[in-house]
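Structure file coords17.txt; described as compact mmCIF, C-alpha atoms.
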# COMPACT_ATOMS: atom_id res chain seq x y z
CA MET A 15 -6.88 -56.88 -22.37
CA PHE A 16 -6.82 -55.74 -25.99
CA HIS A 17 -7.79 -52.32 -24.74
CA LEU A 18 -4.96 -52.24 -22.22
CA VAL A 19 -2.35 -53.33 -24.75
CA CYS A 20 -3.54 -50.73 -27.21
CA SER A 21 -3.56 -47.97 -24.61
CA PHE A 22 0.01 -48.94 -23.88
CA CYS A 23 0.88 -48.79 -27.59
CA PHE A 24 -0.76 -45.39 -27.79
CA LEU A 25 1.21 -44.06 -24.84
CA LEU A 26 4.45 -45.47 -26.23
CA GLY A 27 3.67 -43.87 -29.55
CA THR A 28 3.11 -40.42 -28.11
CA GLY A 29 6.03 -40.73 -25.72
CA ASN A 30 8.59 -41.40 -28.40
CA ALA A 31 7.31 -39.41 -31.32
CA GLY A 32 9.38 -36.38 -32.13
CA THR A 33 12.54 -37.52 -30.42
CA HIS A 34 13.02 -40.46 -32.79
CA SER A 35 12.14 -39.01 -36.15
CA GLN A 36 15.49 -38.22 -37.73
CA ASP A 37 15.21 -34.99 -39.63
CA THR A 38 18.32 -34.09 -41.54
CA LEU A 39 20.22 -31.22 -39.99
CA THR A 40 19.84 -28.65 -42.70
CA MET A 41 18.92 -25.63 -40.63
CA SER A 42 21.34 -22.87 -39.82
CA PRO A 43 22.68 -22.84 -36.24
CA ASP A 44 20.87 -19.61 -35.48
CA ILE A 45 17.45 -19.97 -36.97
CA LEU A 46 15.97 -16.92 -35.27
CA PRO A 47 16.23 -13.81 -37.38
CA VAL A 48 18.84 -11.31 -36.31
CA PRO A 49 17.12 -8.22 -34.93
CA GLU A 50 17.81 -4.71 -36.14
CA ALA A 51 21.49 -4.04 -35.86
CA THR A 52 21.43 -0.49 -34.60
CA ALA A 53 18.64 0.90 -32.43
CA ASP A 54 17.61 -2.39 -30.88
CA ARG A 55 21.05 -3.71 -30.07
CA PRO A 56 21.82 -3.62 -26.37
CA PRO A 57 24.84 -1.45 -25.62
CA VAL A 58 26.87 -4.15 -23.90
CA THR A 59 26.51 -7.90 -24.29
CA ASP A 60 28.94 -10.54 -25.41
CA ASN A 61 26.23 -13.17 -25.40
CA ALA A 62 24.46 -13.29 -28.74
CA ALA A 63 21.65 -15.35 -27.26
CA ILE A 64 20.28 -12.40 -25.28
CA ARG A 65 18.89 -9.50 -27.22
CA MET A 66 16.66 -6.51 -26.84
CA VAL A 67 14.21 -6.37 -29.74
CA SER A 68 11.19 -4.38 -30.85
CA TRP A 69 7.68 -5.83 -31.10
CA GLU A 70 8.04 -5.62 -34.87
CA THR A 71 10.83 -8.23 -34.74
CA LEU A 72 8.68 -10.61 -32.73
CA ARG A 73 5.68 -9.96 -34.96
CA LYS A 74 7.74 -10.90 -38.03
CA LEU A 75 8.84 -14.12 -36.37
CA LEU A 76 5.24 -15.00 -35.57
CA ASN A 77 3.90 -14.27 -39.03
CA GLU A 78 6.51 -14.59 -41.77
CA PRO A 79 6.22 -17.96 -43.53
CA ASN A 80 8.95 -20.23 -42.29
CA ASP A 81 9.36 -23.96 -41.81
CA THR A 82 10.34 -23.74 -38.14
CA THR A 83 8.09 -24.46 -35.18
CA TYR A 84 8.60 -21.93 -32.41
CA VAL A 85 7.85 -22.31 -28.73
CA ILE A 86 7.65 -18.76 -27.40
CA ASN A 87 7.45 -18.30 -23.65
CA PHE A 88 6.64 -14.97 -22.01
CA TRP A 89 8.29 -14.71 -18.61
CA ALA A 90 10.03 -12.35 -16.18
CA THR A 91 12.82 -12.73 -13.65
CA PHE A 92 10.48 -11.61 -10.84
CA CYS A 93 7.71 -14.10 -11.69
CA LYS A 94 8.13 -17.27 -9.62
CA PRO A 95 5.91 -19.59 -11.67
CA CYS A 96 7.74 -18.37 -14.79
CA VAL A 97 11.17 -19.03 -13.31
CA ALA A 98 10.04 -22.48 -12.15
CA GLU A 99 9.09 -23.57 -15.66
CA LEU A 100 12.10 -22.09 -17.51
CA PRO A 101 14.23 -25.27 -17.31
CA HIS A 102 11.41 -27.23 -18.98
CA PHE A 103 11.86 -25.18 -22.13
CA ASP A 104 15.58 -25.97 -22.32
CA LYS A 105 14.72 -29.67 -21.88
CA LEU A 106 12.12 -29.47 -24.62
CA GLN A 107 14.74 -27.91 -26.90
CA SER A 108 17.14 -30.80 -26.20
CA ALA A 109 14.40 -33.32 -26.99
CA TYR A 110 13.80 -31.63 -30.36
CA GLN A 111 17.36 -30.68 -31.22
CA TYR A 112 17.22 -32.61 -34.50
CA GLN A 113 13.96 -31.03 -35.60
CA LYS A 114 13.23 -27.54 -36.82
CA VAL A 115 11.97 -26.52 -33.40
CA ARG A 116 13.25 -23.44 -31.63
CA ILE A 117 12.58 -22.09 -28.16
CA LEU A 118 12.41 -18.36 -27.57
CA LEU A 119 12.11 -16.90 -24.09
CA VAL A 120 10.64 -13.40 -24.26
CA SER A 121 11.33 -11.45 -21.08
CA MET A 122 8.75 -8.98 -19.82
CA ASP A 123 11.24 -7.42 -17.44
CA PHE A 124 11.58 -3.67 -17.59
CA ILE A 125 13.96 -2.21 -20.18
CA LYS A 126 16.02 -0.61 -17.41
CA ASP A 127 16.64 -4.06 -15.91
CA PHE A 128 18.08 -5.64 -19.06
CA GLU A 129 21.77 -5.16 -18.24
CA ASN A 130 21.79 -5.45 -14.48
CA ARG A 131 19.11 -8.07 -13.95
CA VAL A 132 18.10 -10.07 -17.03
CA ILE A 133 21.56 -10.77 -18.50
CA PRO A 134 23.06 -11.88 -15.14
CA PHE A 135 19.95 -14.00 -14.43
CA VAL A 136 20.20 -15.83 -17.76
CA ARG A 137 23.94 -16.43 -17.30
CA GLU A 138 23.67 -17.58 -13.69
CA ARG A 139 20.90 -20.04 -14.54
CA GLY A 140 22.80 -21.22 -17.59
CA LEU A 141 19.73 -20.93 -19.79
CA GLN A 142 20.38 -22.41 -23.22
CA SER A 143 17.46 -20.96 -25.15
CA GLN A 144 17.46 -17.61 -26.88
CA VAL A 145 16.23 -14.74 -24.74
CA TRP A 146 14.68 -11.58 -26.10
CA LEU A 147 13.59 -8.62 -24.05
CA LEU A 148 10.89 -6.55 -25.70
CA LYS A 149 11.91 -2.95 -26.01
CA GLU A 150 8.31 -1.83 -25.68
CA THR A 151 6.44 -0.04 -22.93
CA ASN A 152 2.81 -0.45 -24.01
CA ALA A 153 1.93 -4.14 -24.06
CA GLY A 154 -1.70 -3.23 -24.72
CA GLN A 155 -0.68 -2.66 -28.33
CA TRP A 156 0.48 -6.22 -28.97
CA ILE A 157 -1.02 -8.61 -26.36
CA ASP A 158 -4.04 -9.35 -28.55
CA GLU A 159 -1.78 -10.23 -31.46
CA ILE A 160 -0.25 -13.03 -29.40
CA ASP A 161 -3.74 -14.20 -28.44
CA PRO A 162 -7.02 -12.30 -27.95
CA GLY A 163 -7.72 -14.41 -24.84
CA TRP A 164 -4.52 -13.36 -23.06
CA SER A 165 -5.12 -10.96 -20.17
CA GLY A 166 -1.41 -10.16 -19.88
CA ALA A 167 -0.80 -12.41 -16.87
CA LEU A 168 2.56 -14.20 -16.80
CA PRO A 169 3.61 -16.83 -17.68
CA ALA A 170 2.19 -17.40 -21.14
CA THR A 171 3.37 -19.68 -23.92
CA VAL A 172 2.52 -19.90 -27.59
CA PHE A 173 3.41 -22.68 -30.03
CA VAL A 174 3.65 -21.28 -33.55
CA HIS A 175 4.31 -22.67 -36.99
CA PRO A 176 4.20 -19.48 -39.09
CA GLY A 177 4.48 -21.37 -42.40
CA GLN A 178 1.33 -23.37 -41.73
CA LYS A 179 -0.39 -20.58 -39.78
CA GLN A 180 -0.79 -22.88 -36.81
CA ARG A 181 -0.82 -21.51 -33.30
CA ARG A 182 -1.72 -22.68 -29.83
CA PHE A 183 -1.70 -20.40 -26.82
CA TYR A 184 -1.49 -21.20 -23.11
CA ASN A 185 -1.88 -18.73 -20.24
CA LYS A 186 -0.69 -21.14 -17.57
CA GLU A 187 2.37 -22.59 -15.88
CA PHE A 188 3.58 -25.90 -17.29
CA ASN A 189 5.18 -28.85 -15.59
CA MET A 190 7.60 -30.81 -17.77
CA GLU A 191 5.17 -33.62 -18.60
CA GLU A 192 2.40 -31.23 -19.63
CA LEU A 193 4.72 -29.11 -21.77
CA ARG A 194 6.09 -32.16 -23.53
CA ALA A 195 2.67 -33.71 -24.09
CA GLU A 196 1.04 -30.49 -25.27
CA PHE A 197 3.88 -29.69 -27.63
CA GLU A 198 3.85 -33.22 -29.04
CA LEU A 199 0.15 -32.89 -29.80
CA PHE A 200 0.80 -29.61 -31.61
CA TYR A 201 3.89 -30.81 -33.45
CA LYS A 202 2.29 -34.03 -34.66
CA LYS A 203 -0.64 -32.15 -36.19
CA LEU A 204 1.67 -30.18 -38.49
CA ASN A 205 1.78 -31.30 -42.11
CA THR A 206 5.51 -31.87 -42.17
CA ASN A 207 5.21 -34.79 -39.77
CA MET B 17 -8.23 -69.28 -36.17
CA ASN B 18 -9.26 -69.04 -39.82
CA LYS B 19 -7.75 -66.79 -42.50
CA ALA B 20 -10.47 -64.17 -42.32
CA GLY B 21 -10.02 -63.83 -38.57
CA LYS B 22 -6.28 -63.22 -38.98
CA LYS B 23 -6.98 -60.51 -41.52
CA ILE B 24 -9.45 -58.75 -39.26
CA ILE B 25 -7.31 -58.59 -36.11
CA PRO B 26 -4.84 -55.91 -37.31
CA TYR B 27 -7.74 -53.70 -38.37
CA VAL B 28 -9.44 -54.13 -35.00
CA GLY B 29 -6.12 -53.24 -33.40
CA ILE B 30 -5.82 -50.04 -35.38
CA MET B 31 -9.41 -49.09 -34.62
CA VAL B 32 -8.97 -49.69 -30.90
CA MET B 33 -5.76 -47.68 -30.93
CA ALA B 34 -7.57 -44.84 -32.67
CA ALA B 35 -10.38 -45.09 -30.12
CA CYS B 36 -7.84 -44.93 -27.27
CA GLY B 37 -6.42 -41.84 -28.87
CA ILE B 38 -9.83 -40.20 -29.04
CA VAL B 39 -10.60 -41.17 -25.43
CA ALA B 40 -7.25 -39.79 -24.27
CA THR B 41 -7.80 -36.54 -26.14
CA ALA B 42 -11.33 -36.21 -24.79
CA TRP B 43 -10.07 -36.92 -21.28
CA MET B 44 -7.47 -34.16 -21.59
CA GLY B 45 -10.19 -31.87 -22.86
CA LEU B 46 -12.22 -32.63 -19.73
CA LEU B 47 -9.24 -31.85 -17.52
CA LEU B 48 -8.86 -28.47 -19.16
CA SER B 49 -12.50 -27.53 -19.01
CA GLU B 50 -12.99 -27.91 -15.28
CA ASP B 51 -15.40 -25.52 -13.63
CA GLY B 52 -14.21 -21.94 -13.58
CA ILE B 53 -11.63 -22.33 -16.30
CA ASN B 54 -12.42 -20.60 -19.53
CA THR B 55 -11.41 -22.69 -22.51
CA GLY B 56 -13.16 -20.47 -25.02
CA LYS B 57 -11.32 -20.50 -28.31
CA PRO B 58 -10.63 -17.28 -30.13
CA ALA B 59 -11.39 -17.42 -33.84
CA GLY B 60 -8.70 -19.11 -35.88
CA ASP B 61 -6.51 -20.04 -32.94
CA GLU B 62 -6.62 -22.54 -30.15
CA ALA B 63 -5.99 -21.32 -26.63
CA VAL B 64 -5.92 -22.58 -23.08
CA ILE B 65 -6.67 -19.73 -20.70
CA GLN B 66 -6.46 -20.56 -17.02
CA GLN B 67 -8.62 -17.72 -15.84
CA HIS B 68 -11.82 -17.32 -13.89
CA SER B 69 -14.33 -15.63 -16.14
CA GLY B 70 -15.44 -12.96 -13.64
CA TYR B 71 -17.32 -9.73 -14.17
CA ARG B 72 -17.82 -8.08 -17.52
CA ILE B 73 -18.60 -4.44 -18.22
CA LYS B 74 -22.00 -3.40 -16.77
CA ASP B 75 -22.17 -6.47 -14.49
CA GLU B 76 -23.41 -5.88 -10.96
CA VAL B 77 -20.84 -6.52 -8.25
CA THR B 78 -21.90 -8.66 -5.28
CA ALA B 79 -21.17 -7.39 -1.79
CA PHE B 80 -17.85 -8.29 -0.17
CA THR B 81 -16.16 -7.75 3.18
CA LEU B 82 -12.40 -8.14 3.70
CA ALA B 83 -9.87 -7.41 6.44
CA ASN B 84 -7.88 -4.19 6.17
CA VAL B 85 -4.26 -3.68 7.28
CA ASP B 86 -5.55 -1.55 10.19
CA GLY B 87 -7.31 -4.62 11.59
CA LYS B 88 -10.80 -3.43 10.69
CA LYS B 89 -13.16 -4.91 8.14
CA VAL B 90 -14.05 -3.04 4.96
CA SER B 91 -17.20 -3.75 2.95
CA LEU B 92 -18.28 -2.57 -0.46
CA ALA B 93 -21.47 -1.42 1.29
CA ASP B 94 -19.34 1.13 3.22
CA TYR B 95 -19.13 3.05 -0.07
CA ALA B 96 -22.87 3.09 -0.74
CA LYS B 97 -23.05 6.86 -0.20
CA GLY B 98 -20.31 7.64 -2.75
CA LYS B 99 -20.41 7.77 -6.53
CA GLY B 100 -18.28 4.70 -6.98
CA VAL B 101 -15.05 2.89 -6.17
CA ILE B 102 -11.75 2.22 -7.96
CA VAL B 103 -10.96 -1.37 -7.01
CA VAL B 104 -7.28 -2.23 -7.51
CA PHE B 105 -6.02 -5.81 -7.25
CA THR B 106 -2.39 -5.26 -6.35
CA CYS B 107 0.39 -6.65 -4.17
CA ASN B 108 3.79 -5.96 -2.62
CA HIS B 109 6.11 -8.16 -4.69
CA CYS B 110 5.22 -7.43 -8.30
CA PRO B 111 7.40 -4.85 -10.10
CA PHE B 112 4.39 -3.73 -12.15
CA ALA B 113 2.43 -3.14 -8.94
CA LYS B 114 5.41 -1.28 -7.45
CA ALA B 115 5.77 0.82 -10.59
CA TYR B 116 2.13 1.84 -10.31
CA GLU B 117 2.01 2.36 -6.54
CA ASP B 118 2.55 6.13 -6.61
CA ARG B 119 0.14 6.52 -9.50
CA ILE B 120 -2.53 4.59 -7.57
CA ILE B 121 -2.02 6.84 -4.53
CA ALA B 122 -2.38 9.82 -6.89
CA LEU B 123 -5.63 8.37 -8.29
CA ASP B 124 -7.06 8.17 -4.78
CA LYS B 125 -5.99 11.74 -3.97
CA LYS B 126 -7.49 12.99 -7.20
CA PHE B 127 -10.80 11.14 -7.13
CA ARG B 128 -11.65 10.54 -3.45
CA PRO B 129 -12.98 14.12 -3.13
CA GLY B 130 -15.07 13.60 -6.28
CA GLY B 131 -16.59 10.40 -4.93
CA TYR B 132 -14.36 7.69 -6.42
CA PRO B 133 -11.89 6.48 -3.76
CA VAL B 134 -9.42 3.63 -4.27
CA VAL B 135 -9.85 0.27 -2.53
CA ALA B 136 -6.73 -1.90 -2.87
CA ILE B 137 -7.05 -5.68 -2.55
CA ASN B 138 -4.12 -8.11 -2.33
CA PRO B 139 -5.04 -11.61 -3.57
CA THR B 140 -1.45 -12.94 -3.66
CA ASP B 141 -0.75 -16.21 -1.88
CA ALA B 142 1.81 -15.34 0.83
CA ALA B 143 3.01 -18.95 0.68
CA THR B 144 4.33 -18.23 -2.82
CA TYR B 145 5.52 -14.67 -2.15
CA GLU B 146 6.57 -14.10 1.44
CA GLU B 147 6.69 -10.37 0.65
CA ASP B 148 2.89 -10.48 0.48
CA SER B 149 2.22 -11.66 4.02
CA PHE B 150 -0.31 -9.65 6.05
CA GLU B 151 2.54 -8.26 8.16
CA LYS B 152 4.44 -7.09 5.09
CA MET B 153 1.25 -5.57 3.70
CA LYS B 154 0.86 -3.54 6.91
CA GLN B 155 4.48 -2.41 6.62
CA ARG B 156 4.09 -1.35 3.02
CA ALA B 157 0.85 0.53 3.66
CA SER B 158 2.40 2.46 6.54
CA GLU B 159 5.72 3.16 4.78
CA LYS B 160 3.96 4.56 1.74
CA LYS B 161 1.16 6.12 3.82
CA TYR B 162 -1.60 4.54 1.74
CA PRO B 163 -4.57 6.91 1.90
CA PHE B 164 -6.85 3.96 0.98
CA PRO B 165 -7.62 0.59 2.55
CA TYR B 166 -5.29 -2.29 1.65
CA LEU B 167 -7.39 -5.42 2.03
CA VAL B 168 -6.27 -9.02 2.10
CA ASP B 169 -8.18 -11.49 -0.09
CA ALA B 170 -6.74 -14.47 1.76
CA ASP B 171 -8.87 -17.15 0.10
CA GLN B 172 -8.73 -15.35 -3.27
CA GLN B 173 -12.51 -15.57 -3.63
CA ILE B 174 -13.01 -11.88 -4.41
CA ALA B 175 -10.28 -11.87 -7.08
CA LYS B 176 -11.94 -14.91 -8.66
CA LYS B 177 -15.35 -13.27 -8.55
CA PHE B 178 -14.01 -10.16 -10.27
CA GLY B 179 -12.03 -12.20 -12.79
CA ALA B 180 -8.78 -10.54 -11.76
CA SER B 181 -5.94 -12.53 -13.30
CA LYS B 182 -2.92 -10.44 -12.43
CA THR B 183 -1.57 -7.58 -10.38
CA PRO B 184 -2.18 -4.76 -10.90
CA HIS B 185 -5.69 -5.21 -12.32
CA LEU B 186 -8.20 -2.37 -11.91
CA PHE B 187 -11.99 -2.25 -11.90
CA VAL B 188 -13.90 1.04 -11.82
CA LEU B 189 -17.31 0.57 -10.19
CA GLN B 190 -20.18 3.02 -10.42
CA ASN B 191 -22.67 3.21 -7.59
CA THR B 192 -26.34 3.70 -8.36
CA GLY B 193 -28.33 3.66 -5.13
CA GLY B 194 -26.18 0.99 -3.51
CA LYS B 195 -25.93 -1.07 -6.68
CA PHE B 196 -22.34 -1.21 -7.98
CA THR B 197 -21.74 -1.88 -11.68
CA VAL B 198 -18.43 -2.47 -13.48
CA GLU B 199 -17.65 0.38 -15.89
CA TYR B 200 -13.96 -0.15 -16.66
CA ILE B 201 -11.57 -3.12 -16.45
CA GLY B 202 -7.83 -3.00 -17.09
CA THR B 203 -4.69 -1.06 -16.45
CA VAL B 204 -3.98 2.43 -15.08
CA ASP B 205 -2.35 3.89 -18.18
CA ASP B 206 -0.32 2.96 -21.24
CA ASN B 207 3.20 3.06 -19.77
CA PRO B 208 4.00 1.02 -16.65
CA GLN B 209 7.75 1.48 -17.02
CA ASP B 210 7.89 5.26 -17.25
CA PRO B 211 5.28 7.60 -15.72
CA SER B 212 6.66 10.50 -17.74
CA GLY B 213 6.07 8.59 -20.97
CA VAL B 214 2.35 8.06 -20.40
CA SER B 215 0.06 9.26 -23.17
CA LYS B 216 -3.25 7.62 -22.19
CA ARG B 217 -4.57 7.65 -18.61
CA TYR B 218 -7.36 5.08 -18.93
CA VAL B 219 -8.64 5.07 -15.34
CA GLU B 220 -8.61 8.86 -15.04
CA GLU B 221 -10.46 9.15 -18.31
CA ALA B 222 -13.05 6.55 -17.27
CA VAL B 223 -13.71 8.17 -13.88
CA ASN B 224 -13.85 11.66 -15.39
CA HIS B 225 -16.45 10.43 -17.89
CA LEU B 226 -18.51 8.83 -15.12
CA ILE B 227 -18.36 11.95 -12.95
CA ALA B 228 -19.49 14.02 -15.95
CA GLY B 229 -22.37 11.60 -16.53
CA LYS B 230 -20.93 10.46 -19.87
CA PRO B 231 -20.40 6.86 -20.98
CA VAL B 232 -16.85 5.55 -20.58
CA GLY B 233 -14.97 5.58 -23.91
CA THR B 234 -12.36 2.89 -23.44
CA THR B 235 -13.99 0.30 -21.17
CA SER B 236 -11.22 -2.30 -21.15
CA THR B 237 -7.48 -2.40 -21.66
CA LYS B 238 -4.72 -4.98 -21.32
CA ALA B 239 -1.25 -4.90 -19.82
CA ILE B 240 1.40 -7.32 -18.60
CA GLY B 241 1.09 -8.17 -14.92
CA CYS B 242 2.09 -10.72 -12.31
CA VAL B 243 -0.20 -13.72 -12.45
CA ILE B 244 -2.42 -14.37 -9.42
CA LYS B 245 -1.36 -17.92 -8.64
CA TRP B 246 -4.45 -19.74 -7.40
CA LYS B 247 -4.02 -21.73 -4.23
CA ASP B 248 -6.30 -24.51 -5.45
CA ALA B 249 -4.90 -24.74 -8.99
Please re-express this file's structure in C-alpha cells.
Amino acid sequence: MFHLVCSFCFLLGTGNAGTHSQDTLTMSPDILPVPEATADRPPVTDNAAIRMVSWETLRKLLNEPNDTTYVINFWATFCKPCVAELPHFDKLQSAYQYQKVRILLVSMDFIKDFENRVIPFVRERGLQSQVWLLKETNAGQWIDEIDPGWSGALPATVFVHPGQKQRRFYNKEFNMEELRAEFELFYKKLNTN
Amino acid sequence: MNKAGKKIIPYVGIMVMAACGIVATAWMGLLLSEDGINTGKPAGDEAVIQQHSGYRIKDEVTAFTLANVDGKKVSLADYAKGKGVIVVFTCNHCPFAKAYEDRIIALDKKFRPGGYPVVAINPTDAATYEEDSFEKMKQRASEKKYPFPYLVDADQQIAKKFGASKTPHLFVLQNTGGKFTVEYIGTVDDNPQDPSGVSKRYVEEAVNHLIAGKPVGTTSTKAIGCVIKWKDA
C-alpha cells in the first residue's frame, strides 16, 4: 500500500513539475537570436517566425552560453512521422510558456521549396513555434555536431541547455506523452530547477 | 504509535518515493534498450537512437532474395560472378530519393560495365506511404526506365540487417569469390539539392578505388534522408 501511494505521489510529482513552477517573465518575447540580416533573409515573408538561416546561426544557438532551454526538432513537410509529431511541440511550448523554454522547428526541406511549400505549410497548420530552414546543402558537414549517433534520418529532436552544456538527442518520433515525460526528465536535471 | 515511530515514517516515505523514482527510471531504460535498438551513448552527450545496428565496414553480407518489379526474384548470389554491387535503399515518395534518382541511374550506367551494378531496394511501408506500393514501384521503374532491379523489402528484414535507417542509403559491396563485404556506407555525393553543385562523389570514388584495387578513402558519410518507419516499432 505504501508503495502504491508513493508511486502515485511520484507520478503526480512528475506530471505537474514544470507547469507549476512560476518563473518570473523576464525574457524577451523573441528569445531566439535574429539571423543575419542580409544574405540569409528570405526574399519575401511577412511572418517573422519563419526564417532561412545558415548552419552557423544554428551552431551559435546550440553552443553560446545562454540561460534558455531549447527543444530543437528536425523535420520536413514531406516526412509523415515528422508532420504527425509537430503539434506536440506547440503543446510543449504552451506547457512551458512561463519558463525559459523555446521550441525551434528546423526544416530539412529543400531551399527551393521554402517560399512555395514550407511557408504555406506552416501557415496552413497554424504552427506557433519558430521555424528555421537551413540554407545548407551538405548536411554531412553538420549532422555529427547535432549528435554523432544521428544517421540523418528524420525526425530527430535535441534538447539543449547551452549555458549548462546539457544535451539530449533523440532519433525517433514522439507521441505527446513521451515528449512531455522525456523533456520533464531533462528539464528537472538542470541546475536552475 | 510512539514518538520515534512518527519520526521515522516521513523518512521511510521519502526513501520509498526515491526508490519508486529509480524503479521508474530503470523501467524506462529497459523500454529504450529493447533488442535491436542501439542506445549507445556518444561521449559527453546522451542520445536515444532508434536504429538497427546493422553492418559495419568490412562486414560480410548474408545472402538475400527479394521480389523485383518485373515479378522475378533477385538474389545477391546472382551477382557472384561480378566484382561487387551498389545496394541502394530508396523509395518513391522521398524527395531526397527523387533528387538522387537520375544520379543513381547514372551510377548503374557508369559502373555496371566495370562490374558494379546497382540493386535498388525499397523498404518503405506502403501502409504509411501509398506512393510506395508495389504497383507504384512498378510504375516508377518503367517510367524512369530503371536499368537495375527495384526490389521490395516488404517485411523490412533486409533493411534492418544492413542497418539502413533512411532513404536513400547506399552500401557498396565488394565480391571476393562469392563473399560480399561492405566497403562503403552512406550517401551518393555531397549535394542532394543541386547536382551541379556537387564537389565530392563518394560512391563513384569508392567504386573507382575498389576497381583499381585500392582501399576506399572515405568509407562512410552522412546525409539527411527519409526515415524508414519500422512496421513493428
**Study point:** d(atom CA of B:Val168, atom CA of B:Val90) in Å
**Key:**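 So the two atoms, atom CA of B:Val168 and atom CA of B:Val90, lie 10.2 Å apart.
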Point to revise | atom CA of B:Leu226 to atom CA of B:Glu199, straight-line distance in Å | key: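 Distance reported for this atom pair: 8.5 Å.
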Practice item. Give the answer as one residue: which of A:Leu193, A:Leu204, A:Leu118, A:Ala153 has the shortest atom-to-atom distance to A:Ile64, using all atoms listed in the file? Key: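 Checking each of A:Leu193, A:Leu204, A:Leu118, A:Ala153 against A:Ile64, counting all atoms listed in the file, the winner is A:Leu118.
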**Study point:** Nearby residues (all atoms listed in the file) at most 12 Å from B:Gly179, same-chain spacing under 4 positions excluded, as number ranges by chain
**Key:** A: 165, 167; B: 52-54, 66-73, 75, 77, 105, 139, 172-175, 183, 185-187, 198, 201-202, 243-244, 246
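Atom CA of A:Ile86 is positioned 10.4 Å from atom CA of A:Tyr184.
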Using all atoms of stretch 241-248 of chain B that appear in the file, construct an axis-aligned enclosing box with 3 Å of padding on every side and provide its centre coordinates and edge lengths in Å, rounded to one decimal, as AutoDock Vina command-line options.
--center_x -2.1 --center_y -16.3 --center_z -9.6 --size_x 14.4 --size_y 22.3 --size_z 16.7
**Study point:** Neighbours of chain B in chain A at 8 Å, counting only C-alpha atoms, as number ranges by chain
**Key:** A: 16-17, 20-21, 23-24, 92-94, 122, 124-125, 151-154, 157, 161-169, 180-186
Practice item. Might you pull out every residue within 10 Å of stretch 135-147 of chain A, with all atoms listed in the file counted and same-chain residues fewer than 5 positions away left off, and present them as a ChimeraX atom specification? Key: /A:44,46,49,56,61-69,72,86-91,97,100-101,103-105,107-108,116-125,127-130
Practice item. Compare B:Leu167, B:Ile120, B:Ala136, B:Val204 by their minimum atom-to-atom distance to B:Ser149, counting all atoms listed in the file, and give me the closest one. Key: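 So, comparing all the options, the nearest one is B:Leu167.
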Exercise for review: Name the residues, using the chain letters and numbers of the file, that sit within 12 Å of (4.1, -30.6, -17.3) when counting all atoms listed in the file, and give them as a VMD selection string.
Suggested key: chain A and resid 98 to 103 105 to 106 186 to 197
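Residue nearest B:Phe196, chosen from B:Gly233, B:Gly100, B:Pro163, B:Gly131 and counting only C-alpha atoms: B:Gly100.
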Mind completing stretch 212-226 of chain B with N, CA and C atoms? Output as an mmCIF file, keeping the file's coordinate frame, please?
data_model
loop_
_atom_site.group_PDB
_atom_site.id
_atom_site.type_symbol
_atom_site.label_atom_id
_atom_site.label_comp_id
_atom_site.auth_asym_id
_atom_site.auth_seq_id
_atom_site.Cartn_x
_atom_site.Cartn_y
_atom_site.Cartn_z
ATOM 1 N N SER B 212 6.563 9.286 -16.930
ATOM 2 C CA SER B 212 6.660 10.500 -17.740
ATOM 3 C C SER B 212 6.376 10.225 -19.216
ATOM 4 N N GLY B 213 6.332 8.944 -19.579
ATOM 5 C CA GLY B 213 6.070 8.590 -20.970
ATOM 6 C C GLY B 213 4.620 8.206 -21.245
ATOM 7 N N VAL B 214 3.761 8.446 -20.247
ATOM 8 C CA VAL B 214 2.350 8.060 -20.400
ATOM 9 C C VAL B 214 1.638 8.981 -21.383
ATOM 10 N N SER B 215 0.869 8.391 -22.300
ATOM 11 C CA SER B 215 0.060 9.260 -23.170
ATOM 12 C C SER B 215 -1.427 9.045 -22.934
ATOM 13 N N LYS B 216 -1.823 7.849 -22.460
ATOM 14 C CA LYS B 216 -3.250 7.620 -22.190
ATOM 15 C C LYS B 216 -3.463 7.191 -20.741
ATOM 16 N N ARG B 217 -4.260 7.964 -20.008
ATOM 17 C CA ARG B 217 -4.570 7.650 -18.610
ATOM 18 C C ARG B 217 -5.978 7.068 -18.576
ATOM 19 N N TYR B 218 -6.055 5.740 -18.748
ATOM 20 C CA TYR B 218 -7.360 5.080 -18.930
ATOM 21 C C TYR B 218 -8.303 5.238 -17.738
ATOM 22 N N VAL B 219 -7.770 5.015 -16.514
ATOM 23 C CA VAL B 219 -8.640 5.070 -15.340
ATOM 24 C C VAL B 219 -9.134 6.498 -15.109
ATOM 25 N N GLU B 220 -8.218 7.446 -15.213
ATOM 26 C CA GLU B 220 -8.610 8.860 -15.040
ATOM 27 C C GLU B 220 -9.698 9.242 -16.027
ATOM 28 N N GLU B 221 -9.499 8.833 -17.258
ATOM 29 C CA GLU B 221 -10.460 9.150 -18.310
ATOM 30 C C GLU B 221 -11.825 8.534 -18.000
ATOM 31 N N ALA B 222 -11.795 7.263 -17.575
ATOM 32 C CA ALA B 222 -13.050 6.550 -17.270
ATOM 33 C C ALA B 222 -13.790 7.241 -16.135
ATOM 34 N N VAL B 223 -13.067 7.559 -15.046
ATOM 35 C CA VAL B 223 -13.710 8.170 -13.880
ATOM 36 C C VAL B 223 -14.218 9.573 -14.234
ATOM 37 N N ASN B 224 -13.409 10.326 -14.985
ATOM 38 C CA ASN B 224 -13.850 11.660 -15.390
ATOM 39 C C ASN B 224 -15.143 11.599 -16.202
ATOM 40 N N HIS B 225 -15.216 10.614 -17.094
ATOM 41 C CA HIS B 225 -16.450 10.430 -17.890
ATOM 42 C C HIS B 225 -17.630 10.126 -16.977
ATOM 43 N N LEU B 226 -17.415 9.226 -16.012
ATOM 44 C CA LEU B 226 -18.510 8.830 -15.120
ATOM 45 C C LEU B 226 -18.984 10.017 -14.282
#
